[in-house]
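Structure data (compact mmCIF, C-alpha atoms) from work.txt:
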```txt
# COMPACT_ATOMS: atom_id res chain seq x y z
CA MET A 1484 0.00 0.00 0.00
CA LEU A 1485 2.80 2.35 0.93
CA ALA A 1486 4.56 1.47 -2.32
CA PHE A 1487 1.53 2.53 -4.38
CA ARG A 1488 1.34 5.85 -2.54
CA ALA A 1489 5.03 6.53 -3.10
CA GLU A 1490 4.60 5.78 -6.81
CA ILE A 1491 1.54 8.06 -7.00
CA ASP A 1492 3.46 10.89 -5.27
CA GLU A 1493 6.33 10.43 -7.69
CA LEU A 1494 3.98 10.63 -10.68
CA LYS A 1495 2.33 13.75 -9.23
CA MET A 1496 5.78 15.39 -8.92
CA THR A 1497 6.64 14.44 -12.52
CA ILE A 1498 3.33 15.87 -13.76
CA GLU A 1499 3.94 19.08 -11.82
CA ALA A 1500 7.43 19.40 -13.31
CA MET A 1501 6.05 18.84 -16.83
CA LEU A 1502 3.34 21.46 -16.26
CA SER A 1503 5.93 23.94 -15.01
CA LYS A 1504 8.08 23.31 -18.07
CA GLU A 1505 5.02 23.75 -20.34
CA ARG A 1506 4.21 27.12 -18.73
CA SER A 1507 7.83 28.20 -19.24
CA LEU A 1508 7.71 27.18 -22.90
CA GLN A 1509 4.40 28.97 -23.40
CA THR A 1510 5.92 32.13 -21.93
CA ARG A 1511 8.94 31.76 -24.24
CA ILE A 1512 6.69 31.26 -27.27
CA LYS A 1513 4.70 34.38 -26.41
CA SER A 1514 7.90 36.38 -26.05
CA LEU A 1515 9.18 35.16 -29.41
CA GLU A 1516 5.85 35.96 -31.08
CA GLU A 1517 6.05 39.52 -29.74
CA LEU A 1518 9.61 39.85 -31.03
CA LEU A 1519 8.50 38.52 -34.43
CA LYS A 1520 5.63 41.03 -34.61
CA LYS A 1521 8.01 43.85 -33.69
CA ALA A 1522 10.50 42.70 -36.35
CA GLU A 1523 7.71 42.58 -38.96
CA ILE A 1524 6.63 46.12 -38.06
CA ASP A 1525 10.24 47.38 -38.24
CA SER A 1526 10.70 45.60 -41.58
CA ARG A 1527 7.57 47.20 -43.06
CA GLU A 1528 8.67 50.63 -41.83
CA SER A 1529 12.15 50.07 -43.27
CA ASP A 1530 10.69 48.93 -46.61
CA ALA A 1531 8.45 51.99 -46.73
CA LYS A 1532 11.44 54.24 -46.02
CA HIS A 1533 13.50 52.51 -48.72
CA VAL A 1534 10.68 52.94 -51.24
CA CYS A 1535 10.49 56.63 -50.35
CA ASP A 1536 14.28 56.99 -50.71
CA ILE A 1537 14.24 55.21 -54.06
CA ALA A 1538 11.49 57.50 -55.34
CA LYS A 1539 13.48 60.54 -54.19
CA LEU A 1540 16.67 59.24 -55.86
CA GLU A 1541 14.78 58.53 -59.08
CA LYS A 1542 13.55 62.12 -59.13
CA GLN A 1543 17.09 63.40 -58.53
CA MET A 1544 18.42 61.10 -61.27
CA GLN A 1545 15.83 62.37 -63.72
CA ALA A 1546 16.79 65.96 -62.88
CA LEU A 1547 20.51 65.15 -63.33
CA LEU A 1548 19.84 63.40 -66.64
CA LYS A 1549 17.97 66.44 -67.86
CA ASP A 1550 20.85 68.72 -66.80
CA TYR A 1551 23.32 66.36 -68.47
CA SER A 1552 21.28 66.35 -71.67
CA ASP A 1553 21.16 70.15 -71.66
CA LEU A 1554 24.93 70.37 -71.07
CA MET A 1555 25.61 67.88 -73.88
CA ASP A 1556 23.53 70.02 -76.23
CA VAL A 1557 25.58 73.06 -75.22
CA LYS A 1558 28.85 71.10 -75.61
CA VAL A 1559 27.91 69.88 -79.09
CA THR A 1560 27.05 73.42 -80.11
CA LEU A 1561 30.32 74.78 -78.73
CA ASP A 1562 32.33 71.97 -80.36
CA MET A 1563 30.77 72.83 -83.70
CA GLU A 1564 31.59 76.51 -83.23
CA ILE A 1565 35.16 75.70 -82.16
CA ALA A 1566 35.62 73.41 -85.17
CA ALA A 1567 34.31 76.13 -87.48
CA TYR A 1568 36.64 78.75 -85.95
CA ARG A 1569 39.57 76.31 -86.13
CA LYS A 1570 38.92 75.72 -89.83
CA LEU A 1571 38.76 79.46 -90.42
CA LEU A 1572 41.99 79.93 -88.47
CA GLN A 1573 43.76 77.14 -90.37
CA ALA A 1574 42.57 78.55 -93.66
CA GLU A 1575 43.84 82.00 -92.65
CA GLU A 1576 47.19 80.52 -91.58
CA CYS A 1577 47.50 78.73 -94.91
CA ARG A 1578 46.56 81.90 -96.77
CA LEU A 1579 49.15 83.95 -94.88
CA ASN A 1580 51.66 81.07 -94.98
CA LEU A 1581 51.97 81.08 -91.18
CA THR A 1582 54.00 78.02 -90.14
CA PRO A 1583 56.32 77.51 -87.17
CA SER A 1584 59.66 79.12 -87.96
CA PRO A 1585 62.75 76.91 -87.99
CA LYS A 1586 65.21 77.51 -85.16
CA SER A 1587 68.92 77.83 -85.68
CA GLY A 1588 71.97 78.80 -83.69
CA LYS A 1589 75.52 78.03 -82.68
CA VAL A 1590 77.22 76.67 -79.56
CA ARG A 1591 80.91 77.38 -79.04
CA SER A 1592 83.08 75.55 -76.48
CA ALA A 1593 86.81 75.45 -75.87
CA LEU A 1594 89.37 73.16 -74.23
CA SER A 1595 92.80 74.64 -73.33
CA PHE A 1596 96.07 72.75 -72.95
CA GLY A 1597 99.80 73.62 -72.93
CA ASP A 1598 101.97 73.85 -76.04
CA ILE A 1599 105.19 71.81 -75.75
CA ASP A 1600 107.04 73.86 -78.40
CA ALA A 1601 106.00 77.22 -76.93
CA PRO A 1602 105.59 77.01 -73.13
CA ARG A 1603 104.37 80.63 -72.90
CA ARG A 1604 101.49 79.89 -75.21
CA LYS A 1605 98.46 77.68 -74.77
CA ARG A 1606 96.57 75.87 -77.44
CA GLN A 1607 92.78 75.96 -77.30
CA ARG A 1608 90.69 73.48 -79.25
CA VAL A 1609 87.43 75.16 -80.20
CA MET A 1610 84.24 73.19 -80.95
CA GLU A 1611 81.55 75.14 -82.75
CA GLU A 1612 78.23 73.41 -83.30
CA SER A 1613 75.60 74.80 -85.64
CA PHE A 1614 72.10 73.45 -85.49
CA THR A 1615 68.69 73.92 -87.09
CA THR A 1616 65.23 72.78 -86.05
CA GLU A 1617 62.49 72.44 -88.63
CA THR A 1618 58.89 71.51 -87.99
CA ASN A 1619 55.55 71.36 -89.77
CA SER A 1620 53.51 70.38 -86.73
CA HIS A 1621 52.32 72.00 -83.51
CA VAL A 1622 53.85 69.05 -81.62
CA SER A 1623 57.57 69.31 -82.23
CA ILE A 1624 61.15 69.07 -80.97
CA ASP A 1625 61.56 72.32 -79.08
CA GLU A 1626 64.75 71.70 -77.11
CA VAL A 1627 67.84 69.50 -77.33
CA ASN A 1628 69.76 69.75 -74.05
CA ILE A 1629 73.06 67.92 -74.55
CA GLU A 1630 74.37 68.86 -71.10
CA ASN A 1631 71.42 67.26 -69.25
CA GLU A 1632 70.93 64.58 -71.91
CA TYR A 1633 67.32 65.06 -72.95
CA VAL A 1634 65.19 66.11 -75.91
CA GLY A 1635 62.13 68.24 -75.17
CA ILE A 1636 58.94 67.80 -77.19
CA THR A 1637 56.36 70.57 -76.79
CA ASN A 1638 52.62 70.42 -77.44
CA MET A 1639 51.66 73.87 -78.71
CA THR A 1640 47.98 72.99 -79.21
CA ASP A 1641 45.07 73.59 -76.84
CA LYS A 1642 44.24 69.90 -76.36
CA ASP A 1643 45.90 66.69 -75.17
CA GLN A 1644 48.14 64.95 -77.68
CA SER A 1645 48.39 61.15 -77.49
CA MET A 1646 51.90 59.93 -78.37
CA LYS A 1647 50.72 56.40 -79.18
CA GLY A 1648 52.45 55.32 -82.40
CA TRP A 1649 54.88 58.28 -82.37
CA VAL A 1650 58.63 57.65 -82.69
CA ILE A 1651 61.73 59.71 -81.95
CA THR A 1652 64.85 58.69 -83.87
CA LYS A 1653 68.53 59.52 -83.38
CA ILE A 1654 70.59 59.34 -86.58
CA SER A 1655 74.35 59.48 -86.15
CA GLY A 1656 76.32 58.45 -89.21
CA GLU A 1657 75.31 54.87 -90.01
CA GLU A 1658 73.76 54.42 -86.57
CA LYS A 1659 70.00 54.77 -86.24
CA LEU A 1660 68.17 54.27 -82.95
CA GLU A 1661 64.39 54.52 -82.55
CA TYR A 1662 62.32 55.08 -79.43
CA LYS A 1663 58.63 54.27 -79.63
CA PHE A 1664 56.55 56.24 -77.16
CA PRO A 1665 54.39 54.24 -74.72
CA ALA A 1666 50.79 53.78 -75.80
CA LYS A 1667 49.55 55.70 -72.74
CA ALA A 1668 51.94 58.65 -73.19
CA VAL A 1669 49.99 61.93 -73.42
CA VAL A 1670 51.28 65.51 -73.62
CA GLY A 1671 48.87 68.15 -72.33
CA PRO A 1672 48.38 71.62 -73.83
CA GLY A 1673 51.59 73.65 -73.49
CA GLN A 1674 53.40 70.82 -71.72
CA VAL A 1675 56.92 69.58 -72.52
CA LEU A 1676 57.68 65.87 -72.73
CA LYS A 1677 61.36 65.13 -72.00
CA VAL A 1678 63.06 62.03 -73.39
CA TYR A 1679 66.29 61.33 -71.47
CA SER A 1680 69.16 59.11 -72.54
CA ALA A 1681 70.10 56.11 -70.40
CA GLY A 1682 73.37 57.83 -69.49
CA SER A 1683 71.59 60.87 -68.04
CA GLY A 1684 70.82 59.12 -64.77
CA ALA A 1685 67.25 60.42 -64.97
CA THR A 1686 64.32 58.44 -63.55
CA HIS A 1687 61.62 57.09 -65.83
CA ASN A 1688 58.58 59.03 -64.60
CA PRO A 1689 55.75 59.06 -67.18
CA PRO A 1690 53.97 60.77 -68.70
CA LEU A 1691 56.36 63.76 -69.06
CA SER A 1692 59.73 62.20 -68.19
CA LEU A 1693 60.76 59.14 -70.22
CA VAL A 1694 64.09 57.30 -70.49
CA PHE A 1695 65.44 55.99 -73.82
CA LYS A 1696 67.13 52.88 -72.36
CA LYS A 1697 68.86 51.79 -75.59
CA LEU A 1698 70.53 55.19 -75.98
CA ASP A 1699 73.70 55.93 -73.98
CA VAL A 1700 73.96 59.64 -74.89
CA TRP A 1701 72.15 61.96 -77.27
CA SER A 1702 75.29 63.52 -78.75
CA ASN A 1703 78.53 61.60 -79.16
CA THR A 1704 79.37 62.63 -82.70
CA HIS A 1705 79.95 65.77 -84.72
CA ASP A 1706 76.95 65.11 -86.98
CA LEU A 1707 73.61 64.52 -85.28
CA GLU A 1708 70.04 64.34 -86.54
CA ILE A 1709 66.94 63.77 -84.41
CA GLN A 1710 63.59 63.11 -86.05
CA LEU A 1711 60.09 63.08 -84.58
CA THR A 1712 57.61 60.92 -86.50
CA ASN A 1713 53.85 60.91 -85.92
CA ALA A 1714 51.53 57.90 -85.79
CA GLU A 1715 50.95 58.10 -89.57
CA GLY A 1716 54.69 57.70 -90.21
CA ASP A 1717 55.27 61.33 -91.25
CA VAL A 1718 58.38 63.15 -90.01
CA VAL A 1719 56.89 66.26 -88.39
CA SER A 1720 59.97 67.75 -86.71
CA THR A 1721 63.73 67.51 -87.30
CA TYR A 1722 66.78 68.69 -85.35
CA LYS A 1723 70.10 68.74 -87.21
CA ALA A 1724 73.48 69.61 -85.71
CA LYS A 1725 76.95 69.73 -87.21
CA ALA A 1726 80.12 70.52 -85.25
CA GLU A 1727 83.53 71.69 -86.47
CA SER A 1728 86.73 71.86 -84.47
CA SER A 1729 89.67 74.24 -84.79
CA THR A 1730 92.75 75.18 -82.77
CA GLU A 1731 93.56 78.65 -81.43
CA TYR A 1732 96.75 79.82 -79.71
CA LEU A 1733 96.44 81.94 -76.58
CA GLU A 1734 99.19 84.01 -74.98
CA GLU A 1735 99.87 83.37 -71.30
CA GLY A 1736 97.34 85.21 -69.19
CA ASP A 1737 94.58 85.05 -71.76
CA GLN A 1738 91.68 83.51 -69.82
CA ARG A 1739 89.04 83.30 -72.52
CA ALA A 1740 86.45 80.80 -71.44
CA CYS A 1741 83.81 78.74 -73.14
CA SER A 1742 80.94 80.69 -74.60
CA VAL A 1743 77.52 79.93 -75.94
CA MET A 1744 76.31 81.84 -78.97
```

Give the structure from the file, written as structure tokens.
Amino acid sequence: MLAFRAEIDELKMTIEAMLSKERSLQTRIKSLEELLKKAEIDSRESDAKHVCDIAKLEKQMQALLKDYSDLMDVKVTLDMEIAAYRKLLQAEECRLNLTPSPKSGKVRSALSFGDIDAPRRKRQRVMEESFTTETNSHVSIDEVNIENEYVGITNMTDKDQSMKGWVITKISGEEKLEYKFPAKAVVGPGQVLKVYSAGSGATHNPPLSLVFKKLDVWSNTHDLEIQLTNAEGDVVSTYKAKAESSTEYLEEGDQRACSVM
């Protein structure tokens, strides 16, 4: 009899524990349902806000597209006017025969050393270099700096000039070396692109500072010619230099130095 009562008490305790667990789970379910409802409300509010933002952005985009369309119309009109004025200017230049003038000049340098036969006199070897620069393009060789070992190419137009396909060539006697400009090389309006020799020690720093790695020096001969060729294969600018040497005798005390003419 006592055993049955103990078993009944045990079952009652188990049932009570199960009921307590059920109440706890029901409370948890209710809490989760409330969280779910709150998340749904927040989601709907967020969606509504996103829809409002999208509508606002679409209106702004439409306004920007209209502004862009108006600006493109103005640009096309201005481009047409600029093209017309450029044609008139080119026609006037052709009529007046206005082309870039060739440059020319002389550089004179001297090296002094003693005369064995006449100790009171010094011999001075004089190097005189005459050069000319001819061009039929507004992108041309504008400077040849032998001291700093570079050739300067100037863009005299009012727009960027791509150097893709362009070549600069050094001709020295039978030797001919070509440097093809990088495809991404661009010279802006009024800018100078400098092409250094490998012996200059300069750093390759595109787009306006390039190094001709196959070329030791720009000038190592009396006769020098540098050509600039465009992408169509036409020589648009040429630099020619020819040097002559002579010997002068100086009396002691004569301190004549090198000069540039």

### Query
Using only C-alpha atoms, can you list as an MDAnalysis selection string the residues within 10 Å of (58.0, 58.9, -71.7)?
chainID A and resid 1646 1662:1670 1676:1679 1687:1695

### Message
Please compute the CA of Ile1624 in chain A-CA of Val1650 in chain A distance, one decimal, in Å.
### Response
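Between these atoms lies a distance of 11.8 Å.
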
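Taking CA of Val1719 in chain A and CA of Trp1649 in chain A as endpoints, the distance between them is 10.2 Å.
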
### Task
In Å, rounded to a single decimal, give me how far CA of Glu1523 in chain A is from CA of Glu1541 in chain A.
26.6 Å

Given the point (68.2, 54.9, -86.5) in the file's coordinates, find the residues that have an atom at most 12 Å from it, counting all atoms listed in the file, and give them as a tab-separated table (two decimals) with C-alpha atoms, keeping the file's coordinate frame.
```tsv
chain	number	residue	atom	x	y	z
A	1650	VAL	CA	58.63	57.65	-82.69
A	1651	ILE	CA	61.73	59.71	-81.95
A	1652	THR	CA	64.85	58.69	-83.87
A	1653	LYS	CA	68.53	59.52	-83.38
A	1654	ILE	CA	70.59	59.34	-86.58
A	1655	SER	CA	74.35	59.48	-86.15
A	1656	GLY	CA	76.32	58.45	-89.21
A	1657	GLU	CA	75.31	54.87	-90.01
A	1658	GLU	CA	73.76	54.42	-86.57
A	1659	LYS	CA	70.00	54.77	-86.24
A	1660	LEU	CA	68.17	54.27	-82.95
A	1661	GLU	CA	64.39	54.52	-82.55
A	1662	TYR	CA	62.32	55.08	-79.43
A	1663	LYS	CA	58.63	54.27	-79.63
A	1697	LYS	CA	68.86	51.79	-75.59
A	1698	LEU	CA	70.53	55.19	-75.98
A	1707	LEU	CA	73.61	64.52	-85.28
A	1708	GLU	CA	70.04	64.34	-86.54
A	1709	ILE	CA	66.94	63.77	-84.41
A	1710	GLN	CA	63.59	63.11	-86.05
A	1711	LEU	CA	60.09	63.08	-84.58
```
